[in-house]
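File shown here: target-v8.cif, holding mmCIF, N, CA and C atoms.
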data_model
loop_
_atom_site.group_PDB
_atom_site.id
_atom_site.type_symbol
_atom_site.label_atom_id
_atom_site.label_comp_id
_atom_site.auth_asym_id
_atom_site.auth_seq_id
_atom_site.Cartn_x
_atom_site.Cartn_y
_atom_site.Cartn_z
ATOM 1 N N MET K 66 -1.026 44.933 3.529
ATOM 2 C CA MET K 66 -0.759 43.643 2.957
ATOM 3 C C MET K 66 -0.425 43.842 1.477
ATOM 4 N N ASN K 67 0.690 43.303 1.080
ATOM 5 C CA ASN K 67 1.154 43.457 -0.286
ATOM 6 C C ASN K 67 0.857 42.181 -1.071
ATOM 7 N N ILE K 68 -0.105 42.253 -1.972
ATOM 8 C CA ILE K 68 -0.486 41.093 -2.768
ATOM 9 C C ILE K 68 -0.038 41.332 -4.198
ATOM 10 N N LYS K 69 0.731 40.386 -4.713
ATOM 11 C CA LYS K 69 1.209 40.514 -6.087
ATOM 12 C C LYS K 69 0.260 39.776 -7.024
ATOM 13 N N GLU K 70 0.044 40.378 -8.170
ATOM 14 C CA GLU K 70 -0.814 39.764 -9.165
ATOM 15 C C GLU K 70 -0.031 38.703 -9.932
ATOM 16 N N ARG K 71 -0.663 37.602 -10.184
ATOM 17 C CA ARG K 71 -0.003 36.551 -10.959
ATOM 18 C C ARG K 71 0.021 36.954 -12.429
ATOM 19 N N THR K 72 1.159 36.759 -13.013
ATOM 20 C CA THR K 72 1.293 37.087 -14.429
ATOM 21 C C THR K 72 1.586 35.824 -15.211
ATOM 22 N N SER K 73 1.480 35.927 -16.500
ATOM 23 C CA SER K 73 1.773 34.767 -17.339
ATOM 24 C C SER K 73 3.241 34.384 -17.237
ATOM 25 N N ASP K 74 4.132 35.346 -16.942
ATOM 26 C CA ASP K 74 5.552 35.038 -16.772
ATOM 27 C C ASP K 74 5.770 34.130 -15.565
ATOM 28 N N ALA K 75 5.052 34.406 -14.479
ATOM 29 C CA ALA K 75 5.204 33.595 -13.273
ATOM 30 C C ALA K 75 4.721 32.169 -13.526
ATOM 31 N N ILE K 76 3.676 32.038 -14.286
ATOM 32 C CA ILE K 76 3.137 30.715 -14.575
ATOM 33 C C ILE K 76 4.040 29.957 -15.539
ATOM 34 N N SER K 77 4.626 30.647 -16.495
ATOM 35 C CA SER K 77 5.473 29.970 -17.478
ATOM 36 C C SER K 77 6.785 29.487 -16.874
ATOM 37 N N ASN K 78 7.181 30.019 -15.716
ATOM 38 C CA ASN K 78 8.420 29.598 -15.066
ATOM 39 C C ASN K 78 8.254 28.317 -14.249
ATOM 40 N N LEU K 79 7.027 27.843 -14.104
ATOM 41 C CA LEU K 79 6.800 26.619 -13.343
ATOM 42 C C LEU K 79 7.356 25.436 -14.112
ATOM 43 N N LYS K 80 7.960 24.524 -13.385
ATOM 44 C CA LYS K 80 8.521 23.338 -14.023
ATOM 45 C C LYS K 80 7.443 22.264 -14.130
ATOM 46 N N VAL K 81 7.324 21.714 -15.292
ATOM 47 C CA VAL K 81 6.360 20.646 -15.547
ATOM 48 C C VAL K 81 7.149 19.347 -15.663
ATOM 49 N N PRO K 82 6.752 18.320 -14.926
ATOM 50 C CA PRO K 82 7.482 17.051 -15.041
ATOM 51 C C PRO K 82 7.435 16.548 -16.481
ATOM 52 N N GLN K 83 8.592 16.143 -16.976
ATOM 53 C CA GLN K 83 8.664 15.705 -18.365
ATOM 54 C C GLN K 83 7.963 14.369 -18.565
ATOM 55 N N GLU K 84 8.212 13.439 -17.687
ATOM 56 C CA GLU K 84 7.598 12.116 -17.818
ATOM 57 C C GLU K 84 7.483 11.507 -16.433
ATOM 58 N N ARG K 85 6.339 10.907 -16.167
ATOM 59 C CA ARG K 85 6.199 10.221 -14.880
ATOM 60 C C ARG K 85 7.082 8.992 -14.883
ATOM 61 N N GLN K 86 7.656 8.732 -13.723
ATOM 62 C CA GLN K 86 8.513 7.559 -13.619
ATOM 63 C C GLN K 86 7.658 6.301 -13.687
ATOM 64 N N LYS K 87 8.156 5.307 -14.378
ATOM 65 C CA LYS K 87 7.455 4.035 -14.456
ATOM 66 C C LYS K 87 7.631 3.301 -13.134
ATOM 67 N N PRO K 88 6.563 2.650 -12.649
ATOM 68 C CA PRO K 88 6.693 1.926 -11.382
ATOM 69 C C PRO K 88 7.694 0.776 -11.507
ATOM 70 N N ASP K 89 8.494 0.634 -10.485
ATOM 71 C CA ASP K 89 9.492 -0.428 -10.442
ATOM 72 C C ASP K 89 8.811 -1.728 -10.018
ATOM 73 N N VAL K 90 8.948 -2.765 -10.818
ATOM 74 C CA VAL K 90 8.269 -4.040 -10.565
ATOM 75 C C VAL K 90 8.712 -4.642 -9.234
ATOM 76 N N SER K 91 9.996 -4.558 -8.917
ATOM 77 C CA SER K 91 10.472 -5.142 -7.661
ATOM 78 C C SER K 91 9.898 -4.392 -6.461
ATOM 79 N N ARG K 92 9.696 -3.089 -6.597
ATOM 80 C CA ARG K 92 9.122 -2.307 -5.497
ATOM 81 C C ARG K 92 7.660 -2.693 -5.290
ATOM 82 N N ILE K 93 6.936 -2.856 -6.379
ATOM 83 C CA ILE K 93 5.532 -3.252 -6.282
ATOM 84 C C ILE K 93 5.415 -4.644 -5.670
ATOM 85 N N ALA K 94 6.287 -5.559 -6.073
ATOM 86 C CA ALA K 94 6.270 -6.914 -5.517
ATOM 87 C C ALA K 94 6.576 -6.890 -4.023
ATOM 88 N N LEU K 95 7.518 -6.056 -3.619
ATOM 89 C CA LEU K 95 7.868 -5.948 -2.202
ATOM 90 C C LEU K 95 6.701 -5.382 -1.392
ATOM 91 N N LEU K 96 6.015 -4.395 -1.936
ATOM 92 C CA LEU K 96 4.856 -3.830 -1.245
ATOM 93 C C LEU K 96 3.728 -4.856 -1.133
ATOM 94 N N ALA K 97 3.497 -5.626 -2.188
ATOM 95 C CA ALA K 97 2.459 -6.660 -2.154
ATOM 96 C C ALA K 97 2.802 -7.743 -1.137
ATOM 97 N N LEU K 98 4.068 -8.112 -1.073
ATOM 98 C CA LEU K 98 4.508 -9.102 -0.093
ATOM 99 C C LEU K 98 4.308 -8.575 1.330
ATOM 100 N N GLY K 99 4.599 -7.308 1.539
ATOM 101 C CA GLY K 99 4.381 -6.697 2.853
ATOM 102 C C GLY K 99 2.915 -6.695 3.233
ATOM 103 N N ASP K 100 2.044 -6.383 2.268
ATOM 104 C CA ASP K 100 0.605 -6.422 2.535
ATOM 105 C C ASP K 100 0.162 -7.829 2.925
ATOM 106 N N ALA K 101 0.628 -8.825 2.185
ATOM 107 C CA ALA K 101 0.260 -10.212 2.484
ATOM 108 C C ALA K 101 0.753 -10.622 3.870
ATOM 109 N N LEU K 102 1.947 -10.191 4.222
ATOM 110 C CA LEU K 102 2.501 -10.510 5.537
ATOM 111 C C LEU K 102 1.661 -9.895 6.656
ATOM 112 N N VAL K 103 1.166 -8.695 6.434
ATOM 113 C CA VAL K 103 0.314 -8.046 7.438
ATOM 114 C C VAL K 103 -0.965 -8.853 7.650
ATOM 115 N N PHE K 104 -1.541 -9.383 6.581
ATOM 116 C CA PHE K 104 -2.750 -10.202 6.727
ATOM 117 C C PHE K 104 -2.468 -11.485 7.493
ATOM 118 N N VAL K 105 -1.323 -12.089 7.271
ATOM 119 C CA VAL K 105 -0.955 -13.309 7.995
ATOM 120 C C VAL K 105 -0.762 -12.998 9.477
ATOM 121 N N ILE K 106 -0.081 -11.900 9.778
ATOM 122 C CA ILE K 106 0.121 -11.500 11.181
ATOM 123 C C ILE K 106 -1.220 -11.188 11.833
ATOM 124 N N PHE K 107 -2.081 -10.465 11.116
ATOM 125 C CA PHE K 107 -3.411 -10.126 11.621
ATOM 126 C C PHE K 107 -4.206 -11.393 11.941
ATOM 127 N N ALA K 108 -4.172 -12.369 11.039
ATOM 128 C CA ALA K 108 -4.898 -13.622 11.253
ATOM 129 C C ALA K 108 -4.329 -14.386 12.442
ATOM 130 N N ALA K 109 -3.012 -14.417 12.573
ATOM 131 C CA ALA K 109 -2.383 -15.131 13.693
ATOM 132 C C ALA K 109 -2.752 -14.490 15.028
ATOM 133 N N ILE K 110 -2.740 -13.167 15.079
ATOM 134 C CA ILE K 110 -3.106 -12.473 16.324
ATOM 135 C C ILE K 110 -4.571 -12.744 16.665
ATOM 136 N N GLY K 111 -5.442 -12.680 15.664
ATOM 137 C CA GLY K 111 -6.865 -12.933 15.896
ATOM 138 C C GLY K 111 -7.127 -14.349 16.362
ATOM 139 N N MET K 112 -6.446 -15.304 15.754
ATOM 140 C CA MET K 112 -6.634 -16.700 16.161
ATOM 141 C C MET K 112 -6.111 -16.932 17.572
ATOM 142 N N ARG K 113 -5.024 -16.280 17.907
ATOM 143 C CA ARG K 113 -4.460 -16.430 19.257
ATOM 144 C C ARG K 113 -5.410 -15.835 20.300
ATOM 145 N N ASN K 114 -5.983 -14.673 19.970
ATOM 146 C CA ASN K 114 -6.913 -14.043 20.907
ATOM 147 C C ASN K 114 -8.174 -14.873 21.111
ATOM 148 N N HIS K 115 -8.561 -15.631 20.098
ATOM 149 C CA HIS K 115 -9.748 -16.480 20.204
ATOM 150 C C HIS K 115 -9.401 -17.903 20.631
ATOM 151 N N LYS K 116 -8.168 -18.090 21.043
ATOM 152 C CA LYS K 116 -7.687 -19.363 21.590
ATOM 153 C C LYS K 116 -7.843 -20.525 20.601
ATOM 154 N N GLU K 117 -7.624 -20.254 19.326
ATOM 155 C CA GLU K 117 -7.648 -21.307 18.309
ATOM 156 C C GLU K 117 -6.232 -21.811 18.091
ATOM 157 N N SER K 118 -6.127 -23.023 17.569
ATOM 158 C CA SER K 118 -4.793 -23.586 17.348
ATOM 159 C C SER K 118 -4.095 -22.828 16.218
ATOM 160 N N LEU K 119 -2.813 -22.565 16.420
ATOM 161 C CA LEU K 119 -2.027 -21.818 15.440
ATOM 162 C C LEU K 119 -1.165 -22.779 14.635
ATOM 163 N N THR K 120 -1.650 -23.147 13.477
ATOM 164 C CA THR K 120 -0.840 -23.917 12.539
ATOM 165 C C THR K 120 -0.709 -23.071 11.273
ATOM 166 N N VAL K 121 0.326 -23.316 10.518
ATOM 167 C CA VAL K 121 0.552 -22.525 9.304
ATOM 168 C C VAL K 121 -0.647 -22.611 8.354
ATOM 169 N N PRO K 122 -1.158 -23.810 8.074
ATOM 170 C CA PRO K 122 -2.314 -23.864 7.161
ATOM 171 C C PRO K 122 -3.543 -23.127 7.692
ATOM 172 N N SER K 123 -3.809 -23.245 8.991
ATOM 173 C CA SER K 123 -4.999 -22.583 9.538
ATOM 174 C C SER K 123 -4.864 -21.064 9.491
ATOM 175 N N VAL K 124 -3.664 -20.557 9.727
ATOM 176 C CA VAL K 124 -3.445 -19.108 9.652
ATOM 177 C C VAL K 124 -3.598 -18.631 8.208
ATOM 178 N N LEU K 125 -3.065 -19.392 7.256
ATOM 179 C CA LEU K 125 -3.176 -19.006 5.846
ATOM 180 C C LEU K 125 -4.623 -19.046 5.363
ATOM 181 N N VAL K 126 -5.375 -20.048 5.812
ATOM 182 C CA VAL K 126 -6.790 -20.145 5.434
ATOM 183 C C VAL K 126 -7.570 -18.971 6.012
ATOM 184 N N THR K 127 -7.243 -18.565 7.226
ATOM 185 C CA THR K 127 -7.920 -17.436 7.848
ATOM 186 C C THR K 127 -7.542 -16.125 7.168
ATOM 187 N N ALA K 128 -6.296 -15.973 6.775
ATOM 188 C CA ALA K 128 -5.826 -14.733 6.149
ATOM 189 C C ALA K 128 -6.260 -14.609 4.695
ATOM 190 N N ALA K 129 -6.537 -15.723 4.042
ATOM 191 C CA ALA K 129 -6.826 -15.724 2.605
ATOM 192 C C ALA K 129 -7.986 -14.809 2.196
ATOM 193 N N PRO K 130 -9.140 -14.836 2.868
ATOM 194 C CA PRO K 130 -10.235 -13.954 2.435
ATOM 195 C C PRO K 130 -9.879 -12.469 2.520
ATOM 196 N N PHE K 131 -9.125 -12.093 3.527
ATOM 197 C CA PHE K 131 -8.708 -10.698 3.658
ATOM 198 C C PHE K 131 -7.762 -10.310 2.524
ATOM 199 N N ALA K 132 -6.822 -11.187 2.217
ATOM 200 C CA ALA K 132 -5.865 -10.912 1.146
ATOM 201 C C ALA K 132 -6.564 -10.870 -0.212
ATOM 202 N N ILE K 133 -7.485 -11.784 -0.437
ATOM 203 C CA ILE K 133 -8.213 -11.798 -1.712
ATOM 204 C C ILE K 133 -9.007 -10.509 -1.886
ATOM 205 N N GLY K 134 -9.692 -10.098 -0.837
ATOM 206 C CA GLY K 134 -10.446 -8.845 -0.895
ATOM 207 C C GLY K 134 -9.561 -7.633 -1.126
ATOM 208 N N TRP K 135 -8.391 -7.636 -0.551
ATOM 209 C CA TRP K 135 -7.463 -6.514 -0.683
ATOM 210 C C TRP K 135 -6.867 -6.440 -2.083
ATOM 211 N N PHE K 136 -6.447 -7.575 -2.606
ATOM 212 C CA PHE K 136 -5.747 -7.575 -3.886
ATOM 213 C C PHE K 136 -6.684 -7.527 -5.089
ATOM 214 N N LEU K 137 -7.973 -7.813 -4.887
ATOM 215 C CA LEU K 137 -8.913 -7.698 -6.003
ATOM 216 C C LEU K 137 -9.276 -6.259 -6.142
#
Can you give me the file's structure in the form of structure tokens?
Amino acid sequence: MNIKERTSDAISNLKVPQERQKPDVSRIALLALGDALVFVIFAAIGMRNHKESLTVPSVLVTAAPFAIGWFL
């Protein structure tokens, strides 16, 4: 087995990122919207399985605690 010793030359050739990219606001907003949509779908499926009436306000009220917990 041929094992090469690490030298300072090998380490100095590594590329170091100059600057981290700043997060794109529209991308973050899209991800947050997707998360919120998942909670609404989750609440609708749960309410349907428990044979509760599916109205927009009732689904939003059911999804709200999950979304609040997630986003806090």
Find the residues near Ala101 in chain K: any atom within 10 Å, counting only C-alpha atoms, skip ones fewer than 5 places away on the same chain, and give them as a list in words.
-> Leu95, Leu96, Ile106, Phe107, Ala128, Ala129, Phe131, Ala132, Ile133, Trp135 and Phe136 of chain K
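Pairwise distance (atom N of Arg113 in chain K, CA of Asp100 in chain K) equals 19.1 Å.
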In Å, with one decimal, what is the gap from atom N of Lys116 in chain K to atom C of Gly99 in chain K?
->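 Atom C of Gly99 in chain K lies at a distance of 23.9 Å from atom N of Lys116 in chain K.
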Give the centre and edge lengths of an axis-aligned box, in Å to one decimal, that holds all listed atoms of range 93-104 of chain K with 8 Å on each side, as lines of an AutoDock Vina configuration file.
center_x = 2.6
center_y = -7.2
center_z = 0.6
size_x = 26.6
size_y = 24.6
size_z = 30.0
So how far away is CA of Ile93 in chain K from CA of Leu137 in chain K, in Å?
->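 Separating CA of Leu137 in chain K from CA of Ile93 in chain K is a distance of 15.1 Å.
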